[in-house]
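A.B. asks: Quick one: the structure is below, questions incoming.
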Amino acid sequence: MHGTLPAAEPVRRPAASRLPLIPRLALRELRSGLSGFAIFLACIALGVAAIAGVASVSRSLTDGLGREGRRILGADLSYSLINREATEAERAVLAAEGPVGVVATLRAMAVAGDTGAALVEMKAVDATYPAAGTLVTEPAAPLSELTAERDGAWGAVADPALLARLDLKVGDRMTVGGTPFAVRASLVSEPDRIANGIGFGPRLIVSQAALRASGLVRPGSLNRWSYRLLRPEATDSDLKQASERIAKAAPSAGWEMRARSDADPRFAKSIERFTQFLTLVGLTALIVGGVGVANAVHSFVERKRGSIATLKSVGAPGSQVVALYLTQVMAIAGIGTGIGLAIGAAIPFVIAVLFRDALPLPLDPTLAPSELALAAAYGLLTALAFAITPLGRAHDIPVSGLFREGVEPSGLKVRTRYRLILAAALAALVALALATAFDRRVALIFMAAAAIAFALLRLVGLGLMTLARRLPRPKRAAPRMALANLHRPGAITPAIVLSLGLGVTLLVTLSLIDANVRRALSSSLPARAPNLFFLDIPASDAASFHAFLGKAAPTGKIERVPMMRGRIMAVDGVPSEKIKPPEDAAWVLDGDRGITYADDPPDGSTVVAGKWWSEAEGREPLVSFEADLARALHLDIGGTVTVNVLGRNLTARVANLRKVEWRSLGINFVMVFSPGTFKGAPHSDLATLSLPGGPDAKAENLILRDVAKAFPSVTGVRVRDALEAVSDLVGRLVVAIRGASAVAVLASLFVLAGAVAAGHRARLYDAVVLKVLGATRARLLSAYALEYAVLGLATALFGLIAGTLAGWVIVTRVMKLDFVADLSGALAAAILAVAVAVAAGLVGTWRILGQKPAPYLRQF
């Protein structure tokens, strides 16, 4: 029977077999599992998780600020004025765009009979408050009822901290500005608390009618009036157009404008700065972990010598061998990166569940694809940079050399192509860090410091090996073996010095920064600073207040100057919004600044350019500007500064530049004007009182109470209270920094464990041979302990020196503080490093010492 045979069906190969040769072989070898890559995975996952977690939390906070902008701001648009209320014409301009709510804030003194007096952050609200969010009080009641006048006293809602400080409870009375107030409720939650910034006293909410009745609002008094425009239905584009119309209709108002889309730019900038710092710390952890990657890859190549030999013996070129195992290594790096991304992405959700009520900022947990992609790029580039060199060494080693390398490691150099790959990966890491940096100068400093640290630690490792090689051989067996282990071929000295050295350096640096910041805030500053500041001293009462204070503290030193608030509108005719100063100087253009006028240079400042005005010259509008800020603004002698004071723009010529000693906390200002500039302008005085015995809480409290009773409109501030508020904020930041730094230190420990594991084969060979020759486990253990102790001591010494130098640079050059080498915490870190080095080394070698020689002698 004739016919055609049916066509054969094509053979379907598995998907993996259709891959190119290199990925196919790599996948086959990976079937055996990830044995030996635990440290590799941990290092990559830890670093990526740190970067991804910091970036995810930052994005969640930023999104929270954006989405909760209306609640945080308390409006859709907010216009703030210092020292004055808006005029009828200005109110009309705002009202033309929508309903307007008014909130006034100021500091005042609350007096509770003979119990004492306390500084309060007073907020006076109208009937529209709160326009966004919810005010929560205990007991709950309408705010209008809680703040109404009843039984001869105005109502108030008080922070529980104020009640505790003055030993009051709901229903009790106190006076503010000489006016009686009854505490009708305690404050539980305030929706727009964040927008008010750092407060130096507890909150007290009253009505605006009560504020006016208190007499605290008078010409020149220090208060802020916020006019809150309510346009919930408007888009961001509509609000932008409205703000442009308002700016055009009232160009000389001098108010500070904020929109709900950028409710608190100060917090947004702080988040960006802090995120950059923590990201760099996370990158440090990743780079430190890169050493562990290199160790793991080196061990991987050692284990694969048989496979490499087989591949090269059947004709595989060296480049193909490197490509095969690089594919495997990067696949494993991808797994570690994925683990790190999963952990980092989950962190904001975990924080939201566990700490939402304790967070000072709104957290809106979200997945951040771009930030996670950046963390992934950091992880993969780090893996490539640290893996390519140990993998590249296998390219030119002959088959016979590969089999001999267990006894005599190869000394071949890495080919140029692999050096170029290394350079490209490092360049990409630097480019990523710079491209995503909030402050590129800081990022460059970090990169330079990291490179210098790596180079120095490499030199320390090589120097230690050279020194060990040249020292005379001890007669005792244990020291002789320890000395030989330090410089033998394949010694783990460079890896341990590098990993442990970076960890100790970081610990010492952070310890010194922490100690110096806390010392500056809690000890040295109060010793030199005034005990008390007094604000809002009416000019008409200035002389009598000075006399009263002189009787209350006859041995104290009193300083008093006139003070107003002004906002820089232009520099040399250029509007302030068009000026882009460096980040560390941008604050001088952001909001209102305290200003004064004087016949003579203030104490604590020195004229460094130009000359002070004479009595005749002082009749003209002149200004003395702080020298460092003037340079940042490109302002020089003869230039002009335009400030808005009390709704009027005034332009003054720069007569001189001053260097100011801010840390003394004495009375000083960025701008000091000539007396003729503000002739006849309403103002209040600012005074300081310094007691000869230094801080004295009892005397300070008595003076504050007496002043509050005699001069109800004057606000007194204890310098120690203000410093404690700042110290509390710094303490929280330090906790976050320590947490991120702990990740880098943990990475160092992983690398240390990896370095010990990388030398496992050589240590095993030594132990087997020496045990055959009669060495006991105790003798071997003492030799290894001595070796690790030497490595730990050398590394700790380097960490102390390098960390102290880094701490000095950061404290004196970046933070502009005095530096004291308080090494108590640093020494503890160094001692800990030695203990960790010895313990980790002995734990890693304990199992080796217990092996029986026979099975291994057959292999060797």
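Letters A, B, ... go to the chains of the structure tokens in the order shown; residues in each chain start at 1; ligands are counted from 1 in the same order.
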Quick one: everything within 12 Å of stretch 242-255 of chain A, counting only C-alpha atoms, minus sequence neighbours fewer than 5 positions away in the same chain. Send it as a PyMOL selection string.
C.D. replies: chain A and resi 76-98+224-227+229-231+234-237+260+565-570+575-576+590-592+642-650
A.B. asks: Just the residues within 8 Å of A:Glu787, please, counting only C-alpha atoms, with nothing from its chain fewer than 5 positions along; format it as a VMD selection string.
C.D. replies: chain A and resid 482 to 483 485 to 486
A.B. asks: For A:Thr382, which residue out of A:Ala783, A:Met465, A:Leu283, A:Val654 is the nearest one, using only C-alpha atoms?
C.D. replies: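 Checking each of A:Ala783, A:Met465, A:Leu283, A:Val654 against A:Thr382, counting only C-alpha atoms, the winner is A:Leu283.
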A.B. asks: Figure out the distance between atom CA of A:Val561 and atom CA of A:Asp628, please, to one decimal in Å.
C.D. replies: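 Computing it gives 23.2 Å between the two atoms.
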A.B. asks: Could you pull out all residues of stretch 151-298 of chain A with a DSSP call of strand (DSSP E) and give them as an NGL selection string?
C.D. replies: :A and (153-158 or 173-176 or 179-189 or 203-207 or 223-229 or 256-259)
A.B. asks: With only C-alpha atoms as the atoms that count, which of A:Ile343, A:Leu354, A:Val293, A:Ala158 lies nearest to A:Leu384?
C.D. replies: A:Val293
A.B. asks: Can you tell me how far atom CA of A:Lys580 sits from atom CA of A:Leu629, in Å to one decimal?
C.D. replies: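 Those two atoms sit 12.6 Å apart.
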A.B. asks: Residues within 6 Å of A:Ser684, please, as a VMD selection string. Count only C-alpha atoms; anything in the same chain fewer than 2 positions from it doesn't count.
C.D. replies: chain A and resid 220 to 221 536 to 539 562 to 563
A.B. asks: Produce a file of the selected residues containing N, CA and C atoms, as a compact mmCIF listing (two decimals), in the first residue's frame.
C.D. replies:
```
# COMPACT_ATOMS: atom_id res chain seq x y z
N GLY A 220 4.21 96.13 67.92
CA GLY A 220 5.57 95.66 68.19
C GLY A 220 5.65 94.35 68.91
N SER A 221 4.52 93.81 69.43
CA SER A 221 4.57 92.54 70.14
C SER A 221 4.80 91.40 69.15
N ASP A 536 8.92 90.50 74.11
CA ASP A 536 7.72 91.35 74.11
C ASP A 536 7.70 92.33 75.28
N ILE A 537 8.84 92.92 75.57
CA ILE A 537 8.87 93.97 76.59
C ILE A 537 8.40 95.26 75.91
N PRO A 538 7.26 95.81 76.29
CA PRO A 538 6.79 97.04 75.64
C PRO A 538 7.82 98.16 75.77
N ALA A 539 8.01 98.91 74.71
CA ALA A 539 9.01 99.99 74.74
C ALA A 539 8.70 100.99 75.84
N PRO A 562 16.31 96.73 71.32
CA PRO A 562 15.04 96.76 70.60
C PRO A 562 14.98 95.62 69.59
N MET A 563 13.78 95.09 69.35
CA MET A 563 13.66 93.98 68.41
C MET A 563 12.37 94.10 67.61
```
A.B. asks: Do you have, as a tab-separated table, the list of residues of stretch 55-166 of chain A lying at most 12 Å from stretch 703-725 of chain A, each with its nearest atom pair and that distance in Å to one decimal, counting only C-alpha atoms and ordered by chain then number?
C.D. replies:
```
residue	atom	partner	partner_atom	distance
A:Leu106	CA	A:Thr715	CA	9.5
A:Arg107	CA	A:Thr715	CA	6.5
A:Ala108	CA	A:Thr715	CA	5.0
A:Met109	CA	A:Thr715	CA	5.6
A:Ala110	CA	A:Ala708	CA	7.7
A:Val111	CA	A:Ala708	CA	6.9
A:Ala112	CA	A:Arg705	CA	9.0
A:Gly113	CA	A:Arg705	CA	9.0
A:Asp114	CA	A:Arg705	CA	8.0
A:Thr115	CA	A:Arg705	CA	8.8
A:Gly116	CA	A:Arg705	CA	5.6
A:Ala117	CA	A:Arg705	CA	5.0
A:Ala118	CA	A:Leu704	CA	8.0
A:Leu119	CA	A:Val717	CA	6.6
A:Val120	CA	A:Thr715	CA	9.1
A:Glu121	CA	A:Thr715	CA	10.5
A:Met122	CA	A:Thr715	CA	11.3
A:Leu166	CA	A:Arg705	CA	11.4
```
A.B. asks: Can I get the selected residues back with N, CA and C atoms, as a PDB file, in the first residue's frame?
C.D. replies:
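Output contents, as saved in selection15.pdb:
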```pdb
ATOM      1  N   LEU A 106       1.284  82.944  69.523  1.00  0.00           N
ATOM      2  CA  LEU A 106       2.295  83.717  70.230  1.00  0.00           C
ATOM      3  C   LEU A 106       2.721  82.939  71.466  1.00  0.00           C
ATOM      4  N   ARG A 107       3.817  83.381  72.056  1.00  0.00           N
ATOM      5  CA  ARG A 107       4.262  82.792  73.323  1.00  0.00           C
ATOM      6  C   ARG A 107       3.856  83.726  74.458  1.00  0.00           C
ATOM      7  N   ALA A 108       3.445  83.147  75.559  1.00  0.00           N
ATOM      8  CA  ALA A 108       3.007  83.939  76.705  1.00  0.00           C
ATOM      9  C   ALA A 108       3.321  83.179  77.983  1.00  0.00           C
ATOM     10  N   MET A 109       3.113  83.839  79.109  1.00  0.00           N
ATOM     11  CA  MET A 109       3.360  83.225  80.405  1.00  0.00           C
ATOM     12  C   MET A 109       2.034  82.944  81.098  1.00  0.00           C
ATOM     13  N   ALA A 110       1.866  81.690  81.508  1.00  0.00           N
ATOM     14  CA  ALA A 110       0.699  81.293  82.287  1.00  0.00           C
ATOM     15  C   ALA A 110       1.102  81.233  83.756  1.00  0.00           C
ATOM     16  N   VAL A 111       0.303  81.890  84.626  1.00  0.00           N
ATOM     17  CA  VAL A 111       0.620  81.960  86.056  1.00  0.00           C
ATOM     18  C   VAL A 111      -0.501  81.296  86.835  1.00  0.00           C
ATOM     19  N   ALA A 112      -0.126  80.367  87.723  1.00  0.00           N
ATOM     20  CA  ALA A 112      -1.101  79.656  88.551  1.00  0.00           C
ATOM     21  C   ALA A 112      -0.873  80.026  90.008  1.00  0.00           C
ATOM     22  N   GLY A 113      -1.298  81.225  90.399  1.00  0.00           N
ATOM     23  CA  GLY A 113      -1.140  81.665  91.787  1.00  0.00           C
ATOM     24  C   GLY A 113       0.309  81.610  92.215  1.00  0.00           C
ATOM     25  N   ASP A 114       0.536  81.011  93.379  1.00  0.00           N
ATOM     26  CA  ASP A 114       1.899  80.878  93.888  1.00  0.00           C
ATOM     27  C   ASP A 114       2.562  79.579  93.442  1.00  0.00           C
ATOM     28  N   THR A 115       1.821  78.771  92.644  1.00  0.00           N
ATOM     29  CA  THR A 115       2.393  77.503  92.177  1.00  0.00           C
ATOM     30  C   THR A 115       3.581  77.738  91.262  1.00  0.00           C
ATOM     31  N   GLY A 116       3.480  78.776  90.441  1.00  0.00           N
ATOM     32  CA  GLY A 116       4.570  79.081  89.531  1.00  0.00           C
ATOM     33  C   GLY A 116       4.053  79.599  88.217  1.00  0.00           C
ATOM     34  N   ALA A 117       4.952  79.779  87.284  1.00  0.00           N
ATOM     35  CA  ALA A 117       4.612  80.275  85.953  1.00  0.00           C
ATOM     36  C   ALA A 117       5.257  79.365  84.916  1.00  0.00           C
ATOM     37  N   ALA A 118       4.643  79.304  83.749  1.00  0.00           N
ATOM     38  CA  ALA A 118       5.166  78.443  82.685  1.00  0.00           C
ATOM     39  C   ALA A 118       4.941  79.107  81.336  1.00  0.00           C
ATOM     40  N   LEU A 119       5.907  78.903  80.457  1.00  0.00           N
ATOM     41  CA  LEU A 119       5.788  79.387  79.085  1.00  0.00           C
ATOM     42  C   LEU A 119       4.769  78.537  78.338  1.00  0.00           C
ATOM     43  N   VAL A 120       3.874  79.189  77.595  1.00  0.00           N
ATOM     44  CA  VAL A 120       2.892  78.456  76.793  1.00  0.00           C
ATOM     45  C   VAL A 120       2.945  78.939  75.358  1.00  0.00           C
ATOM     46  N   GLU A 121       2.631  78.006  74.443  1.00  0.00           N
ATOM     47  CA  GLU A 121       2.447  78.351  73.038  1.00  0.00           C
ATOM     48  C   GLU A 121       0.952  78.600  72.858  1.00  0.00           C
ATOM     49  N   MET A 122       0.583  79.868  72.799  1.00  0.00           N
ATOM     50  CA  MET A 122      -0.823  80.243  72.797  1.00  0.00           C
ATOM     51  C   MET A 122      -1.354  80.306  71.363  1.00  0.00           C
ATOM     52  N   LEU A 166       1.990  73.021  86.096  1.00  0.00           N
ATOM     53  CA  LEU A 166       1.469  73.999  87.046  1.00  0.00           C
ATOM     54  C   LEU A 166       0.590  73.360  88.115  1.00  0.00           C
TER      55      LEU A 166
END
```
A.B. asks: Which residues, written as a VMD selection string, have at least one atom at most 12 Å from A:Ala431, with only C-alpha atoms counted and residues fewer than 4 positions away on the same chain left out?
C.D. replies: chain A and resid 374 377 to 378 381 424 to 427 435 to 437 440 443 to 444 447
A.B. asks: Which value, in Å to one decimal, gives the distance between atom CA of A:Leu746 and atom CA of A:Val460?
C.D. replies: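 Answer for the atom CA of A:Leu746 to atom CA of A:Val460 separation: 21.9 Å.
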A.B. asks: I'd like the contact shell of stretch 204-207 of chain A - 9 Å cut-off, only C-alpha atoms, skipping same-chain residues fewer than 6 positions apart - returned as a ChimeraX atom specification.
C.D. replies: /A:120-127,143-144,146-148,154-159,162,181,187
A.B. asks: Keeping only C-alpha atoms, write those residues as an mmCIF file, in the first residue's frame.
C.D. replies:
```
data_model
loop_
_atom_site.group_PDB
_atom_site.id
_atom_site.type_symbol
_atom_site.label_atom_id
_atom_site.label_comp_id
_atom_site.auth_asym_id
_atom_site.auth_seq_id
_atom_site.Cartn_x
_atom_site.Cartn_y
_atom_site.Cartn_z
ATOM 1 C CA VAL A 120 2.892 78.456 76.793
ATOM 2 C CA GLU A 121 2.447 78.351 73.038
ATOM 3 C CA MET A 122 -0.823 80.243 72.797
ATOM 4 C CA LYS A 123 -3.180 79.797 69.839
ATOM 5 C CA ALA A 124 -6.148 82.117 69.407
ATOM 6 C CA VAL A 125 -8.749 80.818 66.953
ATOM 7 C CA ASP A 126 -11.978 82.062 65.392
ATOM 8 C CA ALA A 127 -15.282 80.311 64.747
ATOM 9 C CA LEU A 143 -14.721 74.580 70.880
ATOM 10 C CA SER A 144 -16.911 77.674 71.031
ATOM 11 C CA LEU A 146 -14.879 75.523 75.748
ATOM 12 C CA THR A 147 -13.367 78.952 74.969
ATOM 13 C CA ALA A 148 -16.356 81.173 75.795
ATOM 14 C CA TRP A 154 -12.391 83.015 79.490
ATOM 15 C CA GLY A 155 -12.254 79.326 78.658
ATOM 16 C CA ALA A 156 -9.132 77.545 77.446
ATOM 17 C CA VAL A 157 -8.053 74.123 76.208
ATOM 18 C CA ALA A 158 -4.685 73.197 77.745
ATOM 19 C CA ASP A 159 -2.045 70.644 76.883
ATOM 20 C CA LEU A 162 0.880 72.440 81.109
ATOM 21 C CA PHE A 181 -8.648 81.771 82.162
ATOM 22 C CA LEU A 187 -5.958 68.816 74.587
#
```
A.B. asks: Just want the 9 Å neighbourhood of stretch 617-626 of chain A, counted on only C-alpha atoms, with same-chain residues fewer than 2 positions away dropped. Output as an NGL selection string.
C.D. replies: :A and (597-599 or 601 or 605 or 607 or 612-615 or 628-631 or 635 or 640-641 or 650-660 or 669-679)
A.B. asks: Given the choices A:Pro160, A:Gly177, A:Pro23, A:Gly315, which gets closest to A:Arg218 if the distance is worked out from only C-alpha atoms?
C.D. replies: A:Gly177
A.B. asks: Mind the document's chain letters and residue numbers, and return as a VMD selection string the residues of stretch 784-827 of chain A that DSSP labels alpha helix (DSSP H).
C.D. replies: chain A and resid 784 to 809 824 to 827
A.B. asks: Residues near A:Thr337, anyone? I mean within 7 Å using only C-alpha atoms, not counting same-chain ones fewer than 4 positions away, as number ranges by chain.
C.D. replies: A: 44-45, 48, 333, 341, 376, 379
A.B. asks: Could the residues in this selection be written to a file with N, CA, C and O atoms, as a PDB file, in the first residue's frame?
C.D. replies:
```
ATOM      1  N   ILE A  44      23.997  41.314  50.834  1.00  0.00           N
ATOM      2  CA  ILE A  44      23.241  42.036  49.817  1.00  0.00           C
ATOM      3  C   ILE A  44      21.845  42.388  50.341  1.00  0.00           C
ATOM      4  O   ILE A  44      21.378  43.528  50.209  1.00  0.00           O
ATOM      5  N   ALA A  45      21.168  41.412  50.940  1.00  0.00           N
ATOM      6  CA  ALA A  45      19.808  41.654  51.428  1.00  0.00           C
ATOM      7  C   ALA A  45      19.791  42.734  52.501  1.00  0.00           C
ATOM      8  O   ALA A  45      18.894  43.591  52.526  1.00  0.00           O
ATOM      9  N   VAL A  48      20.483  46.268  50.828  1.00  0.00           N
ATOM     10  CA  VAL A  48      19.346  46.668  50.004  1.00  0.00           C
ATOM     11  C   VAL A  48      18.133  46.976  50.885  1.00  0.00           C
ATOM     12  O   VAL A  48      17.394  47.939  50.633  1.00  0.00           O
ATOM     13  N   ALA A 333      22.783  37.229  43.476  1.00  0.00           N
ATOM     14  CA  ALA A 333      22.646  38.618  43.930  1.00  0.00           C
ATOM     15  C   ALA A 333      21.224  39.120  43.714  1.00  0.00           C
ATOM     16  O   ALA A 333      20.688  39.882  44.530  1.00  0.00           O
ATOM     17  N   LEU A 341      14.534  43.935  49.014  1.00  0.00           N
ATOM     18  CA  LEU A 341      13.440  44.798  48.566  1.00  0.00           C
ATOM     19  C   LEU A 341      12.145  44.464  49.295  1.00  0.00           C
ATOM     20  O   LEU A 341      11.379  45.366  49.676  1.00  0.00           O
ATOM     21  N   ALA A 376      17.481  48.405  44.304  1.00  0.00           N
ATOM     22  CA  ALA A 376      17.892  47.220  43.553  1.00  0.00           C
ATOM     23  C   ALA A 376      19.137  47.501  42.731  1.00  0.00           C
ATOM     24  O   ALA A 376      20.053  46.672  42.643  1.00  0.00           O
ATOM     25  N   GLY A 379      22.133  47.428  44.952  1.00  0.00           N
ATOM     26  CA  GLY A 379      22.509  46.072  45.332  1.00  0.00           C
ATOM     27  C   GLY A 379      23.202  45.320  44.216  1.00  0.00           C
ATOM     28  O   GLY A 379      24.258  44.688  44.422  1.00  0.00           O
TER      29      GLY A 379
END
```
A.B. asks: For A:Gln320, which residue among A:Gly290, A:Val100, A:Ile308, A:Asp238 is the nearest when counting only C-alpha atoms?
C.D. replies: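 Looking at the shortest contact to A:Gln320, the residue is A:Ile308.
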